[in-house]
file data.txt (compact mmCIF, C-alpha atoms and all ligand atoms)
# COMPACT_ATOMS: atom_id res chain seq x y z
CA MET A 1 3.34 -29.37 -6.55
CA GLN A 2 0.57 -27.02 -7.51
CA LEU A 3 0.15 -23.27 -7.58
CA HIS A 4 -3.38 -21.83 -7.51
CA PHE A 5 -4.26 -18.25 -8.40
CA TYR A 6 -7.21 -16.99 -6.39
CA GLY A 7 -6.87 -13.24 -6.64
CA GLY A 8 -4.54 -10.71 -8.13
CA ALA A 9 -5.15 -12.63 -11.37
CA LYS A 10 -6.06 -10.06 -14.07
CA VAL A 11 -7.14 -7.67 -11.33
CA VAL A 12 -5.00 -5.44 -9.17
CA THR A 13 -6.53 -6.39 -5.83
CA GLY A 14 -7.44 -9.45 -3.75
CA ALA A 15 -3.97 -11.05 -3.89
CA ASN A 16 -4.29 -14.68 -2.78
CA TYR A 17 -2.17 -17.62 -3.88
CA LEU A 18 -2.20 -21.22 -2.71
CA ILE A 19 0.69 -23.66 -2.98
CA GLU A 20 0.19 -27.35 -2.38
CA CYS A 21 3.38 -29.27 -1.78
CA GLY A 22 2.78 -32.84 -0.61
CA LYS A 23 0.58 -32.53 2.43
CA THR A 24 1.61 -28.95 3.12
CA LYS A 25 -0.67 -26.10 2.10
CA VAL A 26 0.66 -22.57 2.04
CA ILE A 27 -1.08 -19.30 1.25
CA VAL A 28 0.67 -16.15 0.10
CA ASP A 29 -1.35 -13.01 0.88
CA CYS A 30 -5.02 -12.86 1.72
CA GLY A 31 -6.07 -9.55 0.26
CA MET A 32 -9.34 -7.76 -0.09
CA PHE A 33 -10.91 -7.16 -3.49
CA GLN A 34 -11.36 -3.42 -3.92
CA GLY A 35 -12.88 -1.18 -6.55
CA SER A 36 -16.35 -1.89 -7.93
CA GLN A 37 -19.27 -3.17 -5.83
CA GLU A 38 -19.05 -6.44 -7.75
CA LEU A 39 -15.45 -6.90 -6.62
CA ALA A 40 -16.22 -5.82 -3.05
CA ASP A 41 -18.98 -8.46 -2.86
CA LEU A 42 -16.41 -11.16 -3.71
CA ASN A 43 -14.86 -10.60 -0.28
CA TYR A 44 -17.91 -12.10 1.40
CA GLU A 45 -17.81 -15.35 -0.56
CA ASN A 46 -16.32 -18.50 0.93
CA PHE A 47 -12.64 -19.09 0.24
CA PRO A 48 -12.18 -21.54 -2.64
CA TYR A 49 -10.21 -23.80 -0.27
CA ASP A 50 -10.73 -25.01 3.28
CA PRO A 51 -9.04 -22.47 5.60
CA ARG A 52 -8.82 -25.16 8.32
CA LYS A 53 -6.42 -27.16 6.14
CA ILE A 54 -3.94 -24.34 5.52
CA ASP A 55 -0.66 -24.62 7.43
CA TYR A 56 1.01 -21.26 6.81
CA VAL A 57 0.09 -17.83 5.49
CA PHE A 58 2.81 -15.50 4.25
CA ILE A 59 1.81 -11.83 4.19
CA THR A 60 3.84 -9.56 1.90
CA HIS A 61 2.65 -6.22 3.32
CA SER A 62 -0.04 -4.38 5.22
CA HIS A 63 -2.04 -2.83 2.35
CA LEU A 64 -5.59 -4.17 2.58
CA ASP A 65 -5.50 -5.64 -0.93
CA HIS A 66 -2.83 -8.01 0.45
CA CYS A 67 -4.04 -8.68 4.01
CA GLY A 68 -7.64 -7.43 4.27
CA ARG A 69 -9.30 -10.87 4.27
CA LEU A 70 -6.87 -12.38 6.78
CA PRO A 71 -9.26 -11.97 9.78
CA LYS A 72 -11.97 -13.62 7.66
CA LEU A 73 -9.64 -16.56 7.07
CA ILE A 74 -9.43 -16.93 10.87
CA LYS A 75 -13.21 -16.52 11.20
CA ASP A 76 -13.59 -19.35 8.67
CA GLY A 77 -11.36 -21.71 10.64
CA PHE A 78 -7.67 -21.06 9.88
CA SER A 79 -5.50 -21.79 12.91
CA GLY A 80 -2.03 -22.19 11.42
CA LYS A 81 0.85 -19.75 11.53
CA ILE A 82 0.96 -16.29 9.91
CA ILE A 83 4.35 -15.06 8.78
CA CYS A 84 5.35 -11.44 8.16
CA THR A 85 7.90 -8.80 9.19
CA PRO A 86 7.68 -6.94 12.55
CA PRO A 87 6.50 -3.62 10.96
CA THR A 88 3.86 -5.47 8.91
CA LYS A 89 2.52 -7.05 12.10
CA ASP A 90 2.06 -3.64 13.76
CA LEU A 91 0.74 -1.93 10.62
CA MET A 92 -1.80 -4.70 10.01
CA ALA A 93 -3.03 -4.37 13.60
CA VAL A 94 -3.70 -0.66 13.05
CA ALA A 95 -5.06 -0.87 9.49
CA LEU A 96 -7.34 -3.86 10.10
CA ALA A 97 -8.67 -2.47 13.40
CA ASP A 98 -9.53 0.71 11.50
CA SER A 99 -11.68 -1.37 9.11
CA VAL A 100 -13.67 -3.17 11.82
CA HIS A 101 -16.20 -0.39 12.41
CA LEU A 102 -16.48 0.42 8.69
CA LEU A 103 -17.25 -3.23 7.94
CA ALA A 104 -19.80 -3.36 10.78
CA GLU A 105 -21.51 -0.25 9.39
CA GLU A 106 -21.52 -1.68 5.87
CA ALA A 107 -22.96 -4.97 7.18
CA ARG A 108 -25.76 -3.13 8.97
CA GLU A 109 -26.64 -1.17 5.83
CA LYS A 110 -26.70 -4.28 3.67
CA GLY A 111 -28.32 -6.53 6.27
CA ARG A 112 -25.54 -9.10 6.20
CA GLU A 113 -22.96 -10.46 8.60
CA PRO A 114 -19.77 -8.38 8.90
CA LEU A 115 -16.75 -9.69 7.01
CA TYR A 116 -15.09 -10.26 10.39
CA LEU A 117 -15.32 -9.10 13.98
CA GLY A 118 -12.86 -7.57 16.43
CA LYS A 119 -12.36 -10.96 18.09
CA ASP A 120 -11.21 -12.51 14.78
CA LEU A 121 -8.63 -9.77 14.50
CA ILE A 122 -7.39 -10.44 18.05
CA LYS A 123 -7.01 -14.14 17.28
CA MET A 124 -5.30 -13.30 14.01
CA LEU A 125 -2.68 -11.22 15.81
CA SER A 126 -2.00 -14.11 18.20
CA LEU A 127 -1.18 -16.40 15.26
CA ILE A 128 1.50 -14.11 13.81
CA LYS A 129 5.16 -15.01 14.01
CA ASP A 130 7.31 -12.18 12.75
CA TYR A 131 10.67 -12.63 11.06
CA GLU A 132 13.44 -10.25 10.06
CA TYR A 133 14.69 -9.76 6.52
CA ASP A 134 17.45 -11.96 5.08
CA GLN A 135 17.16 -14.93 7.49
CA LYS A 136 16.74 -18.31 5.90
CA VAL A 137 14.15 -20.15 7.98
CA LYS A 138 13.22 -23.81 7.89
CA LEU A 139 9.54 -24.17 8.81
CA LYS A 140 9.39 -27.93 8.32
CA ALA A 141 10.93 -30.61 6.13
CA GLY A 142 10.53 -29.48 2.53
CA LEU A 143 9.60 -25.86 3.31
CA GLU A 144 12.09 -23.06 3.81
CA PHE A 145 11.75 -19.32 3.27
CA ARG A 146 13.61 -16.03 3.33
CA ILE A 147 12.23 -12.50 3.36
CA LYS A 148 13.71 -9.83 1.13
CA ASP A 149 12.89 -6.12 1.28
CA ALA A 150 10.37 -5.11 -1.41
CA GLY A 151 10.88 -1.38 -0.73
CA HIS A 152 7.17 -0.69 -1.32
CA ILE A 153 5.98 0.41 2.14
CA LEU A 154 7.45 -0.04 5.62
CA GLY A 155 7.93 -3.77 6.30
CA SER A 156 7.02 -4.87 2.78
CA ALA A 157 8.35 -8.30 1.87
CA MET A 158 9.20 -10.45 -1.09
CA TYR A 159 9.19 -14.14 -0.23
CA GLU A 160 11.70 -16.68 -1.46
CA LEU A 161 10.23 -20.14 -0.87
CA TRP A 162 12.17 -23.38 -1.17
CA LEU A 163 9.86 -26.34 -1.59
CA LYS A 164 10.66 -30.02 -1.74
CA GLU A 165 8.41 -32.90 -2.65
CA LYS A 166 9.92 -36.37 -3.17
CA ASN A 167 12.88 -35.73 -5.50
CA LYS A 168 11.60 -32.41 -6.75
CA LYS A 169 13.10 -29.22 -5.34
CA ILE A 170 12.07 -25.79 -6.51
CA LYS A 171 12.45 -22.16 -5.54
CA ILE A 172 9.53 -19.87 -6.05
CA VAL A 173 9.54 -16.12 -5.44
CA PHE A 174 6.57 -13.83 -4.73
CA THR A 175 7.30 -10.14 -5.12
CA GLY A 176 4.18 -8.78 -3.40
CA ASP A 177 4.10 -5.12 -4.41
CA MET A 178 7.46 -3.71 -5.44
CA GLY A 179 8.73 -0.25 -4.59
CA ASN A 180 9.80 2.71 -6.63
CA PRO A 181 13.23 3.61 -5.21
CA PRO A 182 14.74 5.90 -4.16
CA THR A 183 12.14 6.93 -1.57
CA PRO A 184 12.56 9.25 1.42
CA LEU A 185 12.24 6.54 4.06
CA LEU A 186 12.67 3.05 2.62
CA LYS A 187 15.62 1.00 1.54
CA PRO A 188 15.76 0.15 -2.15
CA THR A 189 14.10 -3.05 -3.39
CA ASP A 190 16.37 -6.05 -2.81
CA LYS A 191 17.62 -8.15 -5.70
CA ILE A 192 16.76 -11.81 -6.08
CA ASP A 193 19.68 -13.93 -7.22
CA GLN A 194 17.94 -17.05 -8.46
CA ALA A 195 14.46 -18.53 -8.84
CA ASP A 196 12.70 -21.28 -10.74
CA TYR A 197 9.37 -19.47 -10.74
CA LEU A 198 8.60 -15.82 -10.20
CA ILE A 199 5.21 -14.30 -9.37
CA ILE A 200 5.58 -10.60 -10.08
CA GLU A 201 3.25 -7.63 -9.65
CA SER A 202 2.35 -5.43 -12.63
CA ALA A 203 0.36 -2.42 -11.40
CA TYR A 204 2.55 -0.22 -13.63
CA GLY A 205 3.44 -2.98 -16.10
CA ASP A 206 2.63 -0.76 -19.07
CA ARG A 207 3.77 2.62 -17.78
CA LEU A 208 6.83 4.66 -16.85
CA HIS A 209 6.90 7.09 -13.93
CA GLU A 210 7.47 10.81 -14.15
CA PRO A 211 10.92 11.83 -12.93
CA LYS A 212 11.07 12.45 -9.16
CA LYS A 213 13.58 15.28 -9.15
CA GLU A 214 10.99 18.00 -9.56
CA ARG A 215 8.73 16.69 -6.86
CA LYS A 216 10.18 18.42 -3.83
CA LEU A 217 10.69 21.67 -5.70
CA LYS A 218 7.05 21.69 -6.77
CA LEU A 219 5.97 21.03 -3.19
CA GLU A 220 8.15 23.88 -1.97
CA ARG A 221 6.74 26.31 -4.57
CA THR A 222 3.16 25.28 -3.81
CA ILE A 223 3.66 25.97 -0.11
CA GLU A 224 5.38 29.30 -0.81
CA ASP A 225 2.41 30.32 -2.98
CA ALA A 226 0.00 29.33 -0.22
CA ILE A 227 1.91 31.49 2.24
CA THR A 228 2.02 34.55 -0.04
CA GLN A 229 -1.63 34.24 -0.99
CA LYS A 230 -2.66 33.44 2.60
CA SER A 231 -4.53 30.43 1.37
CA VAL A 232 -5.57 27.02 2.64
CA LEU A 233 -3.64 24.17 1.02
CA LEU A 234 -5.58 20.89 1.04
CA ILE A 235 -3.65 17.67 0.46
CA PRO A 236 -5.63 14.42 0.35
CA SER A 237 -3.17 11.70 1.28
CA PHE A 238 -3.06 7.96 1.89
CA ALA A 239 -2.54 7.30 5.60
CA LEU A 240 0.11 4.65 5.04
CA GLU A 241 3.54 5.60 3.66
CA ARG A 242 2.42 8.61 1.56
CA THR A 243 1.67 10.75 4.62
CA GLN A 244 4.95 9.76 6.31
CA GLU A 245 6.89 10.53 3.10
CA LEU A 246 5.22 13.91 2.98
CA LEU A 247 6.14 14.55 6.63
CA TYR A 248 9.75 13.68 5.84
CA GLU A 249 9.84 16.20 3.01
CA LEU A 250 8.04 18.90 4.99
CA ASN A 251 10.42 18.34 7.92
CA ASP A 252 13.33 18.80 5.54
CA LEU A 253 11.89 22.00 4.03
CA VAL A 254 11.09 23.51 7.45
CA GLU A 255 14.30 22.54 9.24
CA ASN A 256 16.47 23.79 6.40
CA ASN A 257 14.54 27.08 6.31
CA ARG A 258 13.39 26.50 2.75
CA ILE A 259 9.84 27.48 3.73
CA PRO A 260 8.67 29.84 6.47
CA ARG A 261 6.81 28.38 9.42
CA ILE A 262 3.19 27.59 8.58
CA PRO A 263 0.58 25.59 10.54
CA ILE A 264 0.41 22.04 9.15
CA PHE A 265 -2.35 19.69 10.30
CA ILE A 266 -2.25 15.91 10.01
CA ASP A 267 -5.99 15.39 10.34
CA SER A 268 -6.34 11.62 10.12
CA PRO A 269 -6.55 9.34 13.18
CA LEU A 270 -5.32 6.43 11.06
CA ALA A 271 -2.34 8.34 9.65
CA ILE A 272 -1.42 9.46 13.18
CA LYS A 273 -1.46 5.86 14.49
CA ILE A 274 0.53 4.68 11.48
CA THR A 275 3.11 7.41 12.02
CA GLU A 276 3.57 6.03 15.57
CA VAL A 277 4.34 2.60 14.06
CA TYR A 278 6.87 4.23 11.71
CA LYS A 279 8.55 5.88 14.72
CA LYS A 280 8.79 2.50 16.45
CA HIS A 281 10.42 0.81 13.45
CA GLN A 282 12.98 3.41 12.36
CA LYS A 283 15.69 0.75 12.09
CA TYR A 284 14.09 -0.34 8.80
CA PHE A 285 14.56 3.10 7.21
CA ASN A 286 17.26 3.71 4.62
CA ARG A 287 20.76 4.75 5.61
CA LYS A 288 20.37 8.46 4.86
CA THR A 289 17.22 8.80 6.94
CA ARG A 290 18.66 6.78 9.82
CA TYR A 291 21.66 9.12 9.76
CA ILE A 292 19.35 12.13 10.04
CA ILE A 293 17.52 10.49 12.97
CA ASP A 294 20.77 9.46 14.68
CA SER A 295 22.00 13.04 14.46
CA GLY A 296 19.07 14.02 16.69
CA ASP A 297 16.32 15.13 14.29
CA ASP A 298 12.85 13.70 14.85
CA ILE A 299 11.61 13.65 11.26
CA PHE A 300 7.99 13.35 12.37
CA SER A 301 8.07 16.47 14.52
CA PHE A 302 8.90 20.02 13.46
CA PRO A 303 7.73 23.59 14.21
CA GLY A 304 4.20 24.19 12.97
CA LEU A 305 3.21 20.51 12.75
CA ASN A 306 -0.02 19.55 14.54
CA PHE A 307 -1.59 16.13 14.88
CA THR A 308 -5.36 16.34 15.37
CA PRO A 309 -6.62 12.87 16.37
CA THR A 310 -9.91 13.87 18.02
CA LYS A 311 -13.05 15.15 16.30
CA GLN A 312 -12.92 18.37 18.35
CA GLU A 313 -9.31 19.06 17.37
CA SER A 314 -10.30 18.42 13.76
CA LYS A 315 -13.22 20.86 13.97
CA ASP A 316 -10.98 23.47 15.60
CA ILE A 317 -8.68 23.59 12.55
CA ILE A 318 -11.09 26.14 11.11
CA LYS A 319 -10.12 28.57 13.88
CA THR A 320 -6.54 28.78 12.64
CA PRO A 321 -6.40 31.62 10.12
CA PRO A 322 -4.77 30.96 6.72
CA PRO A 323 -2.18 30.30 5.46
CA LYS A 324 -2.33 26.69 6.63
CA ILE A 325 -1.85 23.18 5.25
CA ILE A 326 -4.33 20.37 5.92
CA ILE A 327 -3.27 16.80 5.15
CA ALA A 328 -6.06 14.26 5.58
CA GLY A 329 -7.41 11.01 4.21
CA SER A 330 -8.67 9.45 2.19
CA GLY A 331 -6.17 9.69 -0.60
CA MET A 332 -8.83 9.83 -3.33
CA SER A 333 -11.39 11.81 -1.30
CA THR A 334 -13.70 8.79 -1.12
CA GLY A 335 -14.23 9.24 2.63
CA GLY A 336 -12.44 10.47 5.73
CA ARG A 337 -11.94 13.92 7.17
CA ILE A 338 -10.65 15.50 3.95
CA LEU A 339 -14.31 15.75 2.89
CA PHE A 340 -15.14 18.22 5.69
CA HIS A 341 -12.26 20.44 4.62
CA GLU A 342 -13.13 20.19 0.94
CA LYS A 343 -16.69 21.22 1.75
CA GLU A 344 -15.35 24.19 3.69
CA TYR A 345 -12.54 25.40 1.47
CA LEU A 346 -12.95 24.14 -2.12
CA SER A 347 -15.24 26.95 -3.27
CA ASP A 348 -12.70 29.69 -2.56
CA PRO A 349 -10.48 30.43 -5.61
CA ASN A 350 -7.75 31.64 -3.26
CA ASN A 351 -7.31 28.13 -1.82
CA CYS A 352 -5.35 25.29 -3.35
CA PHE A 353 -6.10 21.58 -3.80
CA LEU A 354 -2.93 19.54 -4.22
CA VAL A 355 -3.09 16.02 -5.64
CA ILE A 356 -0.12 13.74 -4.87
CA GLY A 357 -1.57 10.33 -5.70
CA PHE A 358 -3.33 8.47 -8.45
CA GLN A 359 -7.07 9.26 -8.53
CA VAL A 360 -9.23 6.42 -9.83
CA GLU A 361 -11.97 7.31 -12.28
CA GLY A 362 -15.28 7.99 -10.59
CA THR A 363 -13.77 9.13 -7.28
CA LEU A 364 -14.37 12.61 -5.90
CA GLY A 365 -10.63 13.27 -6.06
CA ARG A 366 -10.67 12.60 -9.81
CA LYS A 367 -13.69 14.87 -10.32
CA ILE A 368 -12.01 17.74 -8.48
CA LEU A 369 -8.74 17.15 -10.33
CA GLU A 370 -10.51 17.21 -13.69
CA GLY A 371 -12.14 20.50 -12.80
CA GLU A 372 -15.83 19.54 -12.62
CA PRO A 373 -17.43 22.92 -11.85
CA VAL A 374 -19.66 21.61 -9.05
CA VAL A 375 -19.04 18.50 -6.93
CA LYS A 376 -21.20 16.79 -4.35
CA ILE A 377 -19.52 16.55 -0.96
CA LEU A 378 -21.26 15.12 2.14
CA GLY A 379 -24.64 15.74 0.59
CA SER A 380 -23.96 19.37 -0.45
CA TYR A 381 -23.14 20.83 -3.84
CA VAL A 382 -19.81 22.64 -3.63
CA LYS A 383 -18.30 24.91 -6.29
CA ASN A 384 -14.93 23.55 -7.36
CA LYS A 385 -13.09 26.87 -7.59
CA ALA A 386 -9.87 26.34 -5.68
CA GLU A 387 -6.64 26.23 -7.64
CA ILE A 388 -5.80 22.63 -8.54
CA LYS A 389 -2.23 21.36 -8.61
CA ALA A 390 -0.84 17.88 -9.05
CA ILE A 391 2.61 16.48 -8.30
CA GLY A 392 3.53 13.15 -9.88
CA GLY A 393 6.37 10.86 -8.91
CA TYR A 394 4.84 9.77 -5.60
CA SER A 395 3.94 6.27 -6.77
CA ALA A 396 4.93 3.44 -4.41
CA HIS A 397 5.04 0.90 -7.26
CA ALA A 398 7.88 -0.05 -9.56
CA ASP A 399 7.23 0.98 -13.17
CA GLN A 400 7.73 -1.13 -16.29
CA LYS A 401 11.43 -0.38 -16.58
CA GLN A 402 12.10 -1.18 -12.91
CA LEU A 403 10.14 -4.44 -13.16
CA ILE A 404 12.05 -5.56 -16.25
CA ASN A 405 15.41 -4.66 -14.67
CA PHE A 406 14.49 -6.65 -11.57
CA ILE A 407 13.75 -9.77 -13.63
CA LYS A 408 16.86 -9.25 -15.76
CA LYS A 409 19.09 -9.53 -12.68
CA ILE A 410 17.77 -12.97 -11.74
CA LYS A 411 20.14 -15.74 -12.85
CA LYS A 412 18.88 -17.80 -15.75
CA PRO A 413 17.28 -20.24 -16.24
CA LEU A 414 14.10 -18.80 -14.82
CA LYS A 415 11.51 -21.39 -15.80
CA LYS A 416 8.50 -19.12 -15.85
CA VAL A 417 7.25 -15.73 -14.77
CA PHE A 418 3.62 -15.28 -13.71
CA VAL A 419 2.44 -11.70 -14.07
CA VAL A 420 -0.18 -10.72 -11.50
CA GLN A 421 -1.77 -7.81 -9.60
CA GLY A 422 -2.24 -5.60 -12.61
CA GLU A 423 -5.13 -4.59 -14.80
CA LYS A 424 -5.33 -6.75 -17.91
CA LYS A 425 -3.62 -4.23 -20.17
CA ALA A 426 -0.71 -3.65 -17.78
CA ALA A 427 -0.20 -7.36 -17.05
CA GLU A 428 -0.31 -8.33 -20.75
CA ALA A 429 2.14 -5.57 -21.70
CA LEU A 430 4.65 -6.71 -19.10
CA LYS A 431 4.21 -10.37 -20.02
CA ASN A 432 4.87 -9.63 -23.70
CA LEU A 433 7.97 -7.64 -22.84
CA ILE A 434 9.32 -10.47 -20.65
CA ILE A 435 8.86 -12.94 -23.49
CA GLU A 436 10.20 -10.70 -26.26
CA LYS A 437 12.96 -8.78 -24.51
CA LEU A 438 14.17 -11.25 -21.90
CA GLN A 439 13.26 -14.50 -23.70
CA ILE A 440 11.74 -15.93 -20.54
CA PRO A 441 8.42 -17.83 -20.63
CA ALA A 442 5.71 -15.71 -19.06
CA GLN A 443 2.00 -15.94 -18.47
CA VAL A 444 -0.88 -13.89 -17.08
CA PRO A 445 -2.79 -16.43 -14.98
CA LYS A 446 -6.56 -16.51 -14.90
CA TYR A 447 -8.62 -16.39 -11.72
CA GLU A 448 -8.73 -19.89 -10.18
CA GLN A 449 -6.10 -21.20 -12.62
CA VAL A 450 -4.02 -24.11 -11.33
CA ILE A 451 -0.43 -24.58 -12.48
CA GLU A 452 1.51 -27.79 -12.04
CA LEU A 453 5.07 -26.87 -11.01
ZN ZN B 1 0.74 -2.39 -1.76

call {"tool": "encode", "arguments": {"input": "data.txt", "output": "structure tokens"}}
result
Amino acid sequence: MQLHFYGGAKVVTGANYLIECGKTKVIVDCGMFQGSQELADLNYENFPYDPRKIDYVFITHSHLDHCGRLPKLIKDGFSGKIICTPPTKDLMAVALADSVHLLAEEAREKGREPLYLGKDLIKMLSLIKDYEYDQKVKLKAGLEFRIKDAGHILGSAMYELWLKEKNKKIKIVFTGDMGNPPTPLLKPTDKIDQADYLIIESAYGDRLHEPKKERKLKLERTIEDAITQKSVLLIPSFALERTQELLYELNDLVENNRIPRIPIFIDSPLAIKITEVYKKHQKYFNRKTRYIIDSGDDIFSFPGLNFTPTKQESKDIIKTPPPKIIIAGSGMSTGGRILFHEKEYLSDPNNCFLVIGFQVEGTLGRKILEGEPVVKILGSYVKNKAEIKAIGGYSAHADQKQLINFIKKIKKPLKKVFVVQGEKKAAEALKNLIIEKLQIPAQVPKYEQVIEL
């Protein structure tokens, strides 16, 4: 039995793992490389294996760094079965369809073939077989699996795989991305009772999160200030999970009369479509939130909330006098409708720019957050004069302590832990801690490394 690391190895993105067990070939995740141009170009290269010979693909969740190259795998000849949860199936359909026109545009600019076409995506969706959490499923002789809840975003999965080849039987677990419970909507990350090998993420392998307690209070105060100062509150937000979490908290503040009524705009076609998927799959929410829903409260609808899917509705937001809140993508201001609002409102010191997510170096969001006096937005130079606020504690990833506690609860002996999906520093820090503190062999695999299991 062999395990190959083709992505997520010493980088955060591009998760892609291949297991060979006898004649069976299984892939876990087929993510896009994201970040630098160099990484983005990797997406266009041929897969290091023959997609036609792969039998099954397991997808942990619908973030593009875990599923973004899946339509390309189909374009390159894969015709096996794709396995994921029902919410992941619907979220992938929305998120990947959203990328089709962006990829076509990028291909035109660069004079190359698009990464994939709409028809590849349609075929991809026809190959999906969705499974619920906690069922043990036998796919064929020598290959069984069970999905556990990763608590990272809606539908996120950890895979337990039982593999058998001749007399050798092993259990291998892939965590995908792991959540940071408690969260407003999701159930906590499941425990894993036993494993021979564990492949664990490490995005926050060297860091601890800020406490969450203060988060809602800070949000409440920020909105109250916006109302008193009659200002425009801009919140760049990721369309998937972050925006729905924010809606949950805003719904709670409004319905419990903690804040006065104020116009709130969700100005992102993608976030609006994703919110529809969340509404469809409410049975996957945690107990508290399901209780709220069962008692008759639609958490994605409250007085003052406006969804603005069309361009005209988006343009008309300007007609609503302040105070008002505009939530739009992208989460790091690298594109999307937030740019139009930043261009309009950032130069007024009475307005407020609220950061609720990590801003990668070099992004516009980071430049605004760090107070660069003038920033370039949509070709114009805009004075960065609005008040800048940041609320931490919104991370969707487990931190170092949560990762270590997760591993600690797995029955020994755990033969080896492979630390992936983190920058080098984060992955190495977690690996060292696993070896020193838990006395479990651990390794940070290299790109294209092959491990004999
Ligand atoms: Zn993720």

call {"tool": "closest_atom_pairs", "arguments": {"input": "data.txt", "of": "chain A", "to": "ligand ZN 1 (chain B)", "cutoff": "8 Å", "atoms": "only C-alpha atoms and all ligand atoms", "output": "JSON lines"}}
result
{"residue": "A:His61", "atom": "CA", "partner": "B:ZN1", "partner_atom": "ZN", "distance": 6.6}
{"residue": "A:Ser62", "atom": "CA", "partner": "B:ZN1", "partner_atom": "ZN", "distance": 7.3}
{"residue": "A:His63", "atom": "CA", "partner": "B:ZN1", "partner_atom": "ZN", "distance": 5.0}
{"residue": "A:Leu64", "atom": "CA", "partner": "B:ZN1", "partner_atom": "ZN", "distance": 7.9}
{"residue": "A:Asp65", "atom": "CA", "partner": "B:ZN1", "partner_atom": "ZN", "distance": 7.1}
{"residue": "A:His66", "atom": "CA", "partner": "B:ZN1", "partner_atom": "ZN", "distance": 7.0}
{"residue": "A:His152", "atom": "CA", "partner": "B:ZN1", "partner_atom": "ZN", "distance": 6.7}
{"residue": "A:Ile153", "atom": "CA", "partner": "B:ZN1", "partner_atom": "ZN", "distance": 7.1}
{"residue": "A:Gly176", "atom": "CA", "partner": "B:ZN1", "partner_atom": "ZN", "distance": 7.4}
{"residue": "A:Asp177", "atom": "CA", "partner": "B:ZN1", "partner_atom": "ZN", "distance": 5.1}
{"residue": "A:Met178", "atom": "CA", "partner": "B:ZN1", "partner_atom": "ZN", "distance": 7.8}
{"residue": "A:Ala396", "atom": "CA", "partner": "B:ZN1", "partner_atom": "ZN", "distance": 7.7}
{"residue": "A:His397", "atom": "CA", "partner": "B:ZN1", "partner_atom": "ZN", "distance": 7.7}

call {"tool": "closest_residue", "arguments": {"input": "data.txt", "among": "A:Ala150, A:Ile199, A:Val137, A:Ile391", "to": "Leu219 of chain A", "atoms": "all atoms listed in the file"}}
result
A:Ile391

call {"tool": "residues_around", "arguments": {"input": "data.txt", "residues": "Asp130 of chain A", "least_positions_apart": "2", "cutoff": "7 Å", "atoms": "all atoms listed in the file", "output": "CSV table (one decimal) with C-alpha atoms, keeping the file's coordinate frame"}}
result
chain,number,residue,atom,x,y,z
A,83,ILE,CA,4.4,-15.1,8.8
A,84,CYS,CA,5.4,-11.4,8.2
A,85,THR,CA,7.9,-8.8,9.2
A,86,PRO,CA,7.7,-6.9,12.6
A,128,ILE,CA,1.5,-14.1,13.8
A,132,GLU,CA,13.4,-10.2,10.1

call {"tool": "residues_around", "arguments": {"input": "data.txt", "residues": "Glu214 of chain A", "least_positions_apart": "3", "cutoff": "9 Å", "atoms": "all atoms listed in the file", "output": "ChimeraX atom specification"}}
result
/A:211,217-219,391-393

call {"tool": "residues_near_point", "arguments": {"input": "data.txt", "point": "(-12.0, 13.9, -0.3)", "cutoff": "12 Å", "atoms": "all atoms listed in the file", "output": "compact mmCIF listing (two decimals) with C-alpha atoms, in the frame of the given file"}}
result
# COMPACT_ATOMS: atom_id res chain seq x y z
CA LEU A 234 -5.58 20.89 1.04
CA ILE A 235 -3.65 17.67 0.46
CA PRO A 236 -5.63 14.42 0.35
CA SER A 237 -3.17 11.70 1.28
CA PHE A 238 -3.06 7.96 1.89
CA ILE A 326 -4.33 20.37 5.92
CA ILE A 327 -3.27 16.80 5.15
CA ALA A 328 -6.06 14.26 5.58
CA GLY A 329 -7.41 11.01 4.21
CA SER A 330 -8.67 9.45 2.19
CA GLY A 331 -6.17 9.69 -0.60
CA MET A 332 -8.83 9.83 -3.33
CA SER A 333 -11.39 11.81 -1.30
CA THR A 334 -13.70 8.79 -1.12
CA GLY A 335 -14.23 9.24 2.63
CA GLY A 336 -12.44 10.47 5.73
CA ARG A 337 -11.94 13.92 7.17
CA ILE A 338 -10.65 15.50 3.95
CA LEU A 339 -14.31 15.75 2.89
CA PHE A 340 -15.14 18.22 5.69
CA HIS A 341 -12.26 20.44 4.62
CA GLU A 342 -13.13 20.19 0.94
CA LYS A 343 -16.69 21.22 1.75
CA GLU A 344 -15.35 24.19 3.69
CA TYR A 345 -12.54 25.40 1.47
CA LEU A 346 -12.95 24.14 -2.12
CA PHE A 353 -6.10 21.58 -3.80
CA LEU A 354 -2.93 19.54 -4.22
CA VAL A 355 -3.09 16.02 -5.64
CA GLN A 359 -7.07 9.26 -8.53
CA THR A 363 -13.77 9.13 -7.28
CA LEU A 364 -14.37 12.61 -5.90
CA GLY A 365 -10.63 13.27 -6.06
CA ARG A 366 -10.67 12.60 -9.81
CA LYS A 367 -13.69 14.87 -10.32
CA ILE A 368 -12.01 17.74 -8.48
CA LEU A 369 -8.74 17.15 -10.33
CA VAL A 375 -19.04 18.50 -6.93
CA LYS A 376 -21.20 16.79 -4.35
CA ILE A 377 -19.52 16.55 -0.96
CA LEU A 378 -21.26 15.12 2.14

call {"tool": "closest_atom_pairs", "arguments": {"input": "data.txt", "of": "segment 78-140 of chain A", "to": "segment 264-281 of chain A", "cutoff": "9 Å", "atoms": "only C-alpha atoms", "output": "CSV"}}
result
residue,atom,partner,partner_atom,distance
A:Pro86,CA,A:His281,CA,8.3
A:Pro87,CA,A:His281,CA,6.4
A:Asp90,CA,A:Val277,CA,6.7
A:Leu91,CA,A:Ile274,CA,6.7
A:Val94,CA,A:Ile274,CA,7.0
A:Ala95,CA,A:Leu270,CA,7.5
A:Asp98,CA,A:Leu270,CA,7.1
